[in-house]
>>> print(open('final-v7.cif').read())   # mmCIF, C-alpha atoms
data_my_file
loop_
_atom_site.group_PDB
_atom_site.id
_atom_site.type_symbol
_atom_site.label_atom_id
_atom_site.label_comp_id
_atom_site.auth_asym_id
_atom_site.auth_seq_id
_atom_site.Cartn_x
_atom_site.Cartn_y
_atom_site.Cartn_z
ATOM 1 C CA MET A 1 42.972 -79.029 -43.720
ATOM 2 C CA LYS A 2 45.459 -79.090 -46.510
ATOM 3 C CA ARG A 3 48.779 -77.276 -46.560
ATOM 4 C CA TYR A 4 47.806 -74.482 -48.905
ATOM 5 C CA GLU A 5 44.641 -73.862 -46.904
ATOM 6 C CA LYS A 6 46.712 -73.269 -43.765
ATOM 7 C CA VAL A 7 48.810 -70.685 -45.586
ATOM 8 C CA ILE A 8 45.719 -68.847 -46.831
ATOM 9 C CA ALA A 9 44.154 -68.845 -43.381
ATOM 10 C CA THR A 10 47.321 -67.438 -41.812
ATOM 11 C CA ALA A 11 47.463 -64.680 -44.417
ATOM 12 C CA LEU A 12 43.832 -63.714 -43.828
ATOM 13 C CA VAL A 13 44.345 -63.516 -40.061
ATOM 14 C CA THR A 14 47.388 -61.276 -40.538
ATOM 15 C CA VAL A 15 45.489 -58.945 -42.867
ATOM 16 C CA LEU A 16 42.540 -58.701 -40.475
ATOM 17 C CA PHE A 17 44.834 -57.905 -37.544
ATOM 18 C CA ALA A 18 46.580 -55.137 -39.553
ATOM 19 C CA MET A 19 43.233 -53.636 -40.551
ATOM 20 C CA CYS A 20 42.016 -53.488 -36.976
ATOM 21 C CA CYS A 21 44.706 -51.121 -35.582
ATOM 22 C CA PRO A 22 46.727 -49.340 -38.312
ATOM 23 C CA MET A 23 46.239 -45.676 -37.319
ATOM 24 C CA PRO A 24 46.584 -45.852 -33.506
ATOM 25 C CA CYS A 25 49.966 -47.550 -33.692
ATOM 26 C CA GLN A 26 51.315 -45.130 -36.289
ATOM 27 C CA GLY A 27 49.996 -42.086 -34.454
ATOM 28 C CA ALA A 28 51.576 -43.175 -31.163
ATOM 29 C CA ASN A 29 55.000 -43.504 -32.820
ATOM 30 C CA GLN A 30 54.723 -40.074 -34.433
ATOM 31 C CA ARG A 31 53.809 -38.361 -31.170
ATOM 32 C CA THR A 32 56.660 -40.036 -29.329
ATOM 33 C CA ARG A 33 59.225 -38.980 -31.951
ATOM 34 C CA LYS A 34 57.992 -35.383 -32.023
ATOM 35 C CA THR A 35 58.133 -35.101 -28.235
ATOM 36 C CA TYR A 36 61.636 -36.590 -28.219
ATOM 37 C CA ASP A 37 62.867 -34.029 -30.772
ATOM 38 C CA GLN A 38 61.446 -31.193 -28.701
ATOM 39 C CA LYS A 39 63.254 -32.454 -25.624
ATOM 40 C CA LEU A 40 66.641 -32.433 -27.421
ATOM 41 C CA ARG A 41 66.243 -28.902 -28.795
ATOM 42 C CA PRO A 42 68.730 -26.694 -26.889
ATOM 43 C CA HIS A 43 68.340 -23.074 -25.873
ATOM 44 C CA CYS A 44 71.504 -21.103 -26.711
ATOM 45 C CA TRP A 45 72.451 -17.456 -26.274
ATOM 46 C CA GLN A 46 75.378 -15.626 -27.843
ATOM 47 C CA MET A 47 77.782 -13.752 -25.616
ATOM 48 C CA LYS A 48 78.285 -10.073 -26.361
ATOM 49 C CA GLU A 49 82.071 -10.310 -26.340
ATOM 50 C CA LYS A 50 84.195 -12.170 -28.877
ATOM 51 C CA PHE A 51 87.027 -14.499 -27.914
ATOM 52 C CA TYR A 52 90.131 -16.149 -29.327
ATOM 53 C CA MET A 53 91.167 -19.754 -28.657
ATOM 54 C CA LYS A 54 94.925 -20.181 -28.338
ATOM 55 C CA ASN A 55 96.541 -23.588 -28.017
ATOM 56 C CA ARG A 56 99.143 -24.169 -25.368
ATOM 57 C CA CYS A 57 101.618 -25.577 -27.898
ATOM 58 C CA GLU A 58 101.347 -22.873 -30.576
ATOM 59 C CA GLY A 59 98.658 -21.360 -32.771
ATOM 60 C CA PHE A 60 95.045 -20.199 -32.825
ATOM 61 C CA VAL A 61 91.907 -22.213 -33.568
ATOM 62 C CA THR A 62 90.267 -21.117 -36.835
ATOM 63 C CA ILE A 63 88.357 -22.455 -39.849
ATOM 64 C CA SER A 64 90.088 -22.390 -43.228
ATOM 65 C CA THR A 65 88.613 -21.569 -46.624
ATOM 66 C CA LYS A 66 88.184 -25.329 -47.192
ATOM 67 C CA ASN A 67 85.812 -25.474 -44.180
ATOM 68 C CA GLN A 68 88.369 -27.370 -42.094
ATOM 69 C CA VAL A 69 88.916 -26.754 -38.390
ATOM 70 C CA ILE A 70 92.662 -26.124 -38.059
ATOM 71 C CA LEU A 71 95.188 -24.756 -35.606
ATOM 72 C CA GLN A 72 97.007 -22.028 -37.547
ATOM 73 C CA GLN A 73 100.525 -21.718 -36.165
ATOM 74 C CA THR A 74 101.685 -18.595 -38.041
ATOM 75 C CA GLY A 75 100.027 -15.463 -39.361
ATOM 76 C CA LEU A 76 97.445 -14.944 -36.598
ATOM 77 C CA ASP A 77 97.396 -13.006 -33.331
ATOM 78 C CA THR A 78 94.883 -12.143 -30.635
ATOM 79 C CA SER A 79 93.414 -9.280 -32.709
ATOM 80 C CA HIS A 80 93.269 -10.936 -36.144
ATOM 81 C CA PRO A 81 89.742 -11.253 -37.649
ATOM 82 C CA ALA A 82 90.301 -14.940 -38.517
ATOM 83 C CA ALA A 83 90.906 -15.744 -34.827
ATOM 84 C CA ALA A 84 87.588 -14.307 -33.591
ATOM 85 C CA VAL A 85 85.208 -16.903 -32.098
ATOM 86 C CA ILE A 86 81.701 -16.258 -30.743
ATOM 87 C CA LYS A 87 80.729 -18.385 -27.757
ATOM 88 C CA GLU A 88 77.141 -19.494 -27.221
ATOM 89 C CA THR A 89 76.036 -20.752 -23.810
ATOM 90 C CA CYS A 90 73.470 -23.541 -24.080
ATOM 91 C CA ASN A 91 71.000 -25.248 -21.752
ATOM 92 C CA PRO A 92 69.193 -28.298 -23.186
ATOM 93 C CA ALA A 93 66.710 -28.382 -20.244
ATOM 94 C CA LEU A 94 65.764 -32.032 -20.668
ATOM 95 C CA GLU A 95 62.788 -33.237 -18.648
ATOM 96 C CA SER A 96 64.583 -36.438 -17.698
ATOM 97 C CA GLU A 97 67.514 -34.589 -16.114
ATOM 98 C CA SER A 98 67.842 -33.983 -12.432
ATOM 99 C CA PRO A 99 68.323 -30.433 -11.013
ATOM 100 C CA ALA A 100 72.019 -31.167 -10.327
ATOM 101 C CA THR A 101 72.562 -32.245 -13.947
ATOM 102 C CA ARG A 102 70.811 -29.124 -15.200
ATOM 103 C CA ARG A 103 73.189 -26.934 -13.183
ATOM 104 C CA VAL A 104 76.173 -28.652 -14.828
ATOM 105 C CA ASN A 105 74.645 -28.329 -18.288
ATOM 106 C CA ARG A 106 74.383 -24.559 -17.956
ATOM 107 C CA GLN A 107 78.115 -24.501 -18.708
ATOM 108 C CA LEU A 108 77.635 -25.988 -22.186
ATOM 109 C CA VAL A 109 79.283 -23.967 -24.957
ATOM 110 C CA ARG A 110 79.017 -23.819 -28.737
ATOM 111 C CA TYR A 111 81.801 -22.223 -30.795
ATOM 112 C CA LEU A 112 80.881 -20.096 -33.822
ATOM 113 C CA HIS A 113 83.693 -18.860 -36.066
ATOM 114 C CA GLN A 114 82.853 -15.269 -36.940
ATOM 115 C CA GLN A 115 84.605 -14.975 -40.306
ATOM 116 C CA THR A 116 83.151 -18.146 -41.894
ATOM 117 C CA ASN A 117 79.924 -18.304 -39.813
ATOM 118 C CA LYS A 118 80.551 -22.013 -39.125
ATOM 119 C CA TYR A 119 80.255 -24.018 -35.915
ATOM 120 C CA ILE A 120 82.890 -26.397 -34.544
ATOM 121 C CA CYS A 121 81.317 -29.841 -34.098
ATOM 122 C CA PHE A 122 82.081 -33.551 -33.869
ATOM 123 C CA ASP A 123 80.563 -36.150 -36.145
ATOM 124 C CA ARG A 124 79.459 -39.575 -34.944
ATOM 125 C CA LYS A 125 82.907 -41.024 -35.700
ATOM 126 C CA GLY A 126 84.712 -38.466 -33.540
ATOM 127 C CA ARG A 127 86.065 -36.290 -36.358
ATOM 128 C CA VAL A 128 86.069 -32.497 -36.020
ATOM 129 C CA ARG A 129 83.901 -30.755 -38.616
ATOM 130 C CA ALA A 130 82.804 -27.227 -39.546
ATOM 131 C CA VAL A 131 78.988 -27.121 -39.639
ATOM 132 C CA SER A 132 76.681 -24.371 -40.919
ATOM 133 C CA GLY A 133 74.008 -22.792 -38.749
ATOM 134 C CA SER A 134 71.151 -24.590 -40.503
ATOM 135 C CA ARG A 135 72.609 -28.014 -39.622
ATOM 136 C CA VAL A 136 73.855 -27.314 -36.126
ATOM 137 C CA ARG A 137 70.395 -27.866 -34.596
ATOM 138 C CA ARG A 138 70.221 -31.372 -36.037
ATOM 139 C CA ARG A 139 73.683 -32.160 -34.661
ATOM 140 C CA GLY A 140 72.503 -31.372 -31.140
ATOM 141 C CA LYS A 141 74.957 -32.651 -28.537
ATOM 142 C CA LEU A 142 77.692 -33.154 -31.151
ATOM 143 C CA CYS A 143 78.164 -29.366 -31.328
ATOM 144 C CA MET A 144 78.136 -28.775 -27.554
ATOM 145 C CA PHE A 145 81.243 -28.715 -25.385
ATOM 146 C CA VAL A 146 82.175 -28.375 -21.737
ATOM 147 C CA GLU A 147 85.209 -26.327 -20.676
ATOM 148 C CA ASN A 148 87.016 -28.022 -17.779
ATOM 149 C CA ARG A 149 89.666 -25.784 -16.207
ATOM 150 C CA ILE A 150 92.946 -27.517 -15.294
ATOM 151 C CA ASN A 151 94.788 -24.416 -14.012
ATOM 152 C CA PRO A 152 94.135 -20.659 -13.819
ATOM 153 C CA SER A 153 95.328 -20.145 -17.424
ATOM 154 C CA TYR A 154 94.338 -23.221 -19.460
ATOM 155 C CA HIS A 155 91.345 -25.528 -19.876
ATOM 156 C CA ILE A 156 90.373 -28.606 -21.874
ATOM 157 C CA ILE A 157 87.357 -28.817 -24.185
ATOM 158 C CA ARG A 158 85.252 -31.951 -23.665
ATOM 159 C CA SER A 159 82.417 -33.121 -25.886
ATOM 160 C CA TYR A 160 78.922 -33.218 -24.371
ATOM 161 C CA HIS A 161 77.929 -36.081 -26.684
ATOM 162 C CA ASN A 162 80.733 -38.358 -25.489
ATOM 163 C CA PRO A 163 82.666 -37.313 -22.344
ATOM 164 C CA SER A 164 85.720 -39.291 -23.503
ATOM 165 C CA TRP A 165 86.141 -37.090 -26.598
ATOM 166 C CA HIS A 166 88.227 -33.915 -26.381
ATOM 167 C CA LEU A 167 89.163 -31.226 -28.889
ATOM 168 C CA GLY A 168 92.830 -31.417 -29.885
ATOM 169 C CA PHE A 169 95.237 -30.957 -32.793
ATOM 170 C CA ASN A 170 98.118 -32.994 -34.180
ATOM 171 C CA ARG A 171 101.148 -30.690 -34.318
ATOM 172 C CA LYS A 172 103.155 -33.379 -36.162
ATOM 173 C CA ARG A 173 100.749 -33.281 -39.097
ATOM 174 C CA VAL A 174 101.214 -29.781 -40.498
ATOM 175 C CA VAL A 175 99.688 -28.539 -43.750
ATOM 176 C CA ALA A 176 99.898 -25.270 -45.669
ATOM 177 C CA VAL A 177 97.027 -22.811 -45.376
ATOM 178 C CA ARG A 178 95.334 -22.253 -48.715
ATOM 179 C CA GLY A 179 96.116 -18.842 -50.231
ATOM 180 C CA SER A 180 99.022 -17.994 -47.904
ATOM 181 C CA HIS A 181 102.453 -19.157 -46.766
ATOM 182 C CA ASP A 182 101.274 -19.969 -43.231
ATOM 183 C CA MET A 183 101.241 -23.441 -41.675
ATOM 184 C CA ALA A 184 98.537 -25.137 -39.629
ATOM 185 C CA ALA A 185 98.022 -28.348 -37.648
ATOM 186 C CA THR A 186 95.063 -30.620 -38.390
ATOM 187 C CA ALA A 187 92.516 -31.767 -35.823
ATOM 188 C CA ARG A 188 92.681 -35.134 -34.113
ATOM 189 C CA ARG A 189 89.737 -37.446 -33.547
ATOM 190 C CA GLY A 190 88.004 -36.925 -30.243
ATOM 191 C CA PHE A 191 89.092 -40.220 -28.723
ATOM 192 C CA ALA A 192 92.736 -39.769 -29.843
ATOM 193 C CA THR A 193 93.390 -36.467 -28.051
ATOM 194 C CA ASN A 194 95.804 -36.546 -25.120
ATOM 195 C CA ILE A 195 94.532 -33.984 -22.624
ATOM 196 C CA HIS A 196 97.750 -34.198 -20.618
ATOM 197 C CA SER A 197 99.807 -32.763 -23.490
ATOM 198 C CA CYS A 198 99.735 -29.204 -24.814
ATOM 199 C CA GLU A 199 97.799 -30.293 -27.924
ATOM 200 C CA GLY A 200 94.538 -30.553 -25.984
ATOM 201 C CA GLN A 201 94.904 -27.507 -23.711
ATOM 202 C CA PHE A 202 93.635 -24.054 -24.641
ATOM 203 C CA HIS A 203 93.600 -20.504 -23.377
ATOM 204 C CA SER A 204 90.664 -18.226 -24.181
ATOM 205 C CA GLY A 205 90.762 -14.432 -24.031
ATOM 206 C CA ARG A 206 88.881 -11.390 -25.234
ATOM 207 C CA HIS A 207 89.298 -10.625 -28.934
ATOM 208 C CA ALA A 208 89.950 -6.914 -29.513
ATOM 209 C CA PRO A 209 90.368 -5.882 -33.181
ATOM 210 C CA VAL A 210 93.063 -3.273 -33.821
ATOM 211 C CA ASN A 211 92.256 -0.062 -35.699
ATOM 212 C CA LEU A 212 95.426 0.636 -37.690
ATOM 213 C CA PRO A 213 94.721 4.309 -38.581
ATOM 214 C CA ASN A 214 94.196 5.163 -34.913
ATOM 215 C CA GLN A 215 97.147 3.121 -33.677
ATOM 216 C CA PHE A 216 99.645 4.562 -36.184
ATOM 217 C CA SER A 217 98.096 7.994 -36.566
ATOM 218 C CA GLY A 218 101.279 9.718 -35.341
ATOM 219 C CA ILE A 219 103.435 8.009 -37.985
ATOM 220 C CA PHE A 220 100.970 8.837 -40.769
ATOM 221 C CA ASP A 221 100.888 12.487 -39.696
ATOM 222 C CA GLN A 222 104.690 12.720 -39.761
ATOM 223 C CA ILE A 223 104.855 11.206 -43.259
ATOM 224 C CA GLN A 224 102.287 13.697 -44.512
ATOM 225 C CA GLN A 225 104.201 16.573 -42.919
ATOM 226 C CA LEU A 226 107.440 15.451 -44.589
ATOM 227 C CA LYS A 227 105.723 15.378 -47.976
ATOM 228 C CA THR A 228 104.559 18.960 -47.576
ATOM 229 C CA ASP A 229 107.944 20.192 -46.277
ATOM 230 C CA ILE A 230 109.927 18.834 -49.241
ATOM 231 C CA ALA A 231 110.372 21.614 -51.833
ATOM 232 C CA VAL A 232 110.377 20.769 -55.548
ATOM 233 C CA PRO A 233 113.262 22.401 -57.508
ATOM 234 C CA GLU A 234 112.130 24.890 -60.135
ATOM 235 C CA ALA A 235 114.796 24.285 -62.802
ATOM 236 C CA VAL A 236 117.295 21.638 -63.832
ATOM 237 C CA VAL A 237 120.844 22.787 -63.147
ATOM 238 C CA SER A 238 122.802 19.552 -63.695
ATOM 239 C CA LYS A 239 122.570 16.061 -65.115
ATOM 240 C CA SER A 240 121.981 14.516 -61.678
ATOM 241 C CA ALA A 241 118.995 16.792 -61.168
ATOM 242 C CA ALA A 242 117.637 15.771 -64.560
ATOM 243 C CA VAL A 243 117.948 12.087 -63.634
ATOM 244 C CA ALA A 244 116.252 12.756 -60.288
ATOM 245 C CA GLN A 245 113.288 14.263 -62.065
ATOM 246 C CA GLN A 246 113.308 11.383 -64.624
ATOM 247 C CA LEU A 247 113.931 13.603 -67.631
ATOM 248 C CA THR A 248 114.900 12.053 -70.948
ATOM 249 C CA VAL A 249 117.573 13.285 -73.325
ATOM 250 C CA ASP A 250 114.878 14.520 -75.720
ATOM 251 C CA GLN A 251 113.663 16.955 -73.081
ATOM 252 C CA LEU A 252 117.114 18.567 -72.827
ATOM 253 C CA PRO A 253 118.139 21.349 -75.251
ATOM 254 C CA GLN A 254 118.999 19.756 -78.619
ATOM 255 C CA PRO A 255 122.451 20.492 -80.146
ATOM 256 C CA PRO A 256 122.955 21.497 -83.755
ATOM 257 C CA ALA A 257 122.940 18.842 -86.457
ATOM 258 C CA GLN A 258 126.714 18.974 -87.214
ATOM 259 C CA ILE A 259 129.321 20.310 -84.844
ATOM 260 C CA ASN A 260 133.043 20.370 -85.520
ATOM 261 C CA SER A 261 135.697 19.839 -82.898
ATOM 262 C CA LYS A 262 136.649 23.516 -83.274
ATOM 263 C CA ASP A 263 133.112 24.604 -82.443
ATOM 264 C CA LEU A 264 133.098 22.192 -79.484
ATOM 265 C CA SER A 265 136.317 23.715 -78.110
ATOM 266 C CA GLU A 266 134.816 27.180 -78.453
ATOM 267 C CA LEU A 267 131.736 26.033 -76.551
ATOM 268 C CA ASN A 268 133.905 24.776 -73.713
ATOM 269 C CA GLY A 269 134.928 28.332 -72.908
ATOM 270 C CA ASN A 270 131.440 29.782 -73.335
ATOM 271 C CA PRO A 271 130.010 30.363 -69.866
ATOM 272 C CA LYS A 272 126.438 30.738 -71.157
ATOM 273 C CA ILE A 273 125.954 27.023 -72.041
ATOM 274 C CA SER A 274 124.925 24.655 -69.249
ATOM 275 C CA LYS A 275 126.877 21.578 -68.219
ATOM 276 C CA ALA A 276 124.019 19.235 -69.155
ATOM 277 C CA HIS A 277 123.913 20.693 -72.680
ATOM 278 C CA LEU A 278 127.682 20.366 -73.018
ATOM 279 C CA GLU A 279 127.624 16.736 -71.883
ATOM 280 C CA ALA A 280 124.835 15.941 -74.347
ATOM 281 C CA LEU A 281 127.000 17.340 -77.180
ATOM 282 C CA ARG A 282 129.945 15.185 -76.139
ATOM 283 C CA LEU A 283 127.759 12.055 -76.064
ATOM 284 C CA GLN A 284 126.510 12.875 -79.542
ATOM 285 C CA GLN A 285 130.073 13.044 -80.863
ATOM 286 C CA ILE A 286 130.847 9.660 -79.312
ATOM 287 C CA TRP A 287 127.724 8.065 -80.825
ATOM 288 C CA LEU A 288 128.484 9.492 -84.271
ATOM 289 C CA GLY A 289 132.053 8.161 -84.091
ATOM 290 C CA LYS A 290 130.854 4.616 -83.532
ATOM 291 C CA LYS A 291 129.631 3.020 -86.748
ATOM 292 C CA ARG A 292 128.429 -0.202 -85.107
ATOM 293 C CA ALA A 293 127.479 -0.996 -81.547
ATOM 294 C CA TYR A 294 129.265 -4.125 -80.408
ATOM 295 C CA ARG A 295 127.318 -6.777 -78.542
ATOM 296 C CA ILE A 296 128.693 -8.150 -75.307
ATOM 297 C CA ARG A 297 128.608 -11.947 -75.107
ATOM 298 C CA HIS A 298 128.474 -12.139 -71.348
ATOM 299 C CA PHE A 299 128.734 -9.636 -68.541
ATOM 300 C CA LYS A 300 131.810 -11.462 -67.212
ATOM 301 C CA HIS A 301 133.496 -11.453 -70.616
ATOM 302 C CA LYS A 302 133.991 -7.842 -71.615
ATOM 303 C CA ARG A 303 135.518 -8.655 -74.994
ATOM 304 C CA PRO A 304 133.279 -7.756 -77.977
ATOM 305 C CA ARG A 305 131.889 -10.469 -80.222
ATOM 306 C CA LEU A 306 133.884 -10.973 -83.458
ATOM 307 C CA SER A 307 132.175 -10.705 -86.821
ATOM 308 C CA ARG A 308 132.049 -13.598 -89.275
ATOM 309 C CA ARG A 309 134.752 -12.035 -91.471
ATOM 310 C CA GLN A 310 137.064 -11.618 -88.485
ATOM 311 C CA LYS A 311 136.497 -15.242 -87.481
ATOM 312 C CA ILE A 312 137.402 -16.490 -90.998
ATOM 313 C CA LEU A 313 140.560 -14.409 -90.975
ATOM 314 C CA ALA A 314 141.489 -15.715 -87.538
ATOM 315 C CA LYS A 315 141.073 -19.310 -88.759
ATOM 316 C CA LYS A 316 143.279 -18.678 -91.815
ATOM 317 C CA ILE A 317 145.988 -17.095 -89.711
ATOM 318 C CA GLY A 318 145.824 -20.003 -87.266
ATOM 319 C CA LYS A 319 146.340 -22.533 -90.083
#
>>> encode(input="final-v7.cif", output="structure tokens")
Amino acid sequence: MKRYEKVIATALVTVLFAMCCPMPCQGANQRTRKTYDQKLRPHCWQMKEKFYMKNRCEGFVTISTKNQVILQQTGLDTSHPAAAVIKETCNPALESESPATRRVNRQLVRYLHQQTNKYICFDRKGRVRAVSGSRVRRRGKLCMFVENRINPSYHIIRSYHNPSWHLGFNRKRVVAVRGSHDMAATARRGFATNIHSCEGQFHSGRHAPVNLPNQFSGIFDQIQQLKTDIAVPEAVVSKSAAVAQQLTVDQLPQPPAQINSKDLSELNGNPKISKAHLEALRLQQIWLGKKRAYRIRHFKHKRPRLSRRQKILAKKIGK
């Protein structure tokens, strides 16, 4: 048998073998993959109460407008809407797990940020990400955590996907929060978190939003009572009262077009004219006496600016 005949024979045998069992092999792989996906599908339930996650160093865990998981150090408190987190308890219920492992897995938690409706998850490289609800099912174990208590007040958050990964933040790498003057620390990778420092330790408590009108109702009532008790004056009796009511000079009684100094002296002794009217007449005499309003060069230099003619004369006298 020649060389090319051997190649043809080998090709024919391969084709015949592929034609004999194409569908059974493919169907077996599809059934195995479908069953495996069903095993990894978790069963999660949301808790009725909302919580906040406070770091032992400083700040609250939140998700920014850029969809970044951050530790905001300023601007948040235990009742702020951006600090509210919904906890979901999960139980994967894998068939391969033992009863003891299933009891431990009942403590699995998923964290859903209420304001952005995003979940806190790890990616396969250990980076902390904010994931939407439609993608959290595909992430599976990457979005599940275990809370291990280290003392009565604080606990660490361990990843269910990789037990050596922990949630933590780098307080030395601080960035500004978009749209505000607050500062926030960025998240570390799961394998780089030191659980023995305050960066990887958290305290969780019940989130109770504050109703401002109910909390400060007494202050608002007093302000409203003060507004009603203040009486508005009926008439303007002086210049200060006119300024208080933001009246212009045009609203005051207008003086005659031309007034002599003799008439002004007679008006001084007339008790029927008001003080505001008398002061307006005096200001009119001062404005008429000034032919040109001088400009002030600077508020520190009170000397008026010289005209061009005065400058030329000053130069000639100086020469």
>>> resolve_selection(input="final-v7.cif", expression="the PyMOL selection byres ((chain A and resi 200) around 7)", output="JSON, numbers by chain")
{"A": [156, 167, 168, 169, 193, 194, 195, 197, 198, 199, 201, 202]}
>>> atom_distance(input="final-v7.cif", atom1="atom CA of A:Leu142", atom2="atom CA of A:Phe122")
5.2 Å
>>> resolve_selection(input="final-v7.cif", expression="the PyMOL selection byres ((chain A and resi 127) around 9)", output="list in words")
Cys121, Phe122, Asp123, Arg124, Lys125, Gly126, Val128, Arg129, Ala187, Arg188, Arg189 and Gly190 of chain A
>>> resolve_selection(input="final-v7.cif", expression="the PyMOL selection byres ((chain A and resi 173) around 12)", output="ChimeraX atom specification")
/A:70-73,169-172,174-176,183-188,199
>>> residues_around(input="final-v7.cif", residues="A:Ala84", least_positions_apart="6", cutoff="12 Å", atoms="all atoms listed in the file", output="PyMOL selection string")
chain A and resi 49-54+60-63+76-78+111-118+204-209
>>> atom_distance(input="final-v7.cif", atom1="atom CA of A:Val146", atom2="atom CA of A:Val131")
18.2 Å
>>> atom_distance(input="final-v7.cif", atom1="atom CA of A:Gln107", atom2="atom CA of A:Glu147")
7.6 Å
>>> closest_residue(input="final-v7.cif", among="A:Arg149, A:Leu281, A:Tyr154, A:Asn162", to="A:Arg56", atoms="only C-alpha atoms")
A:Tyr154
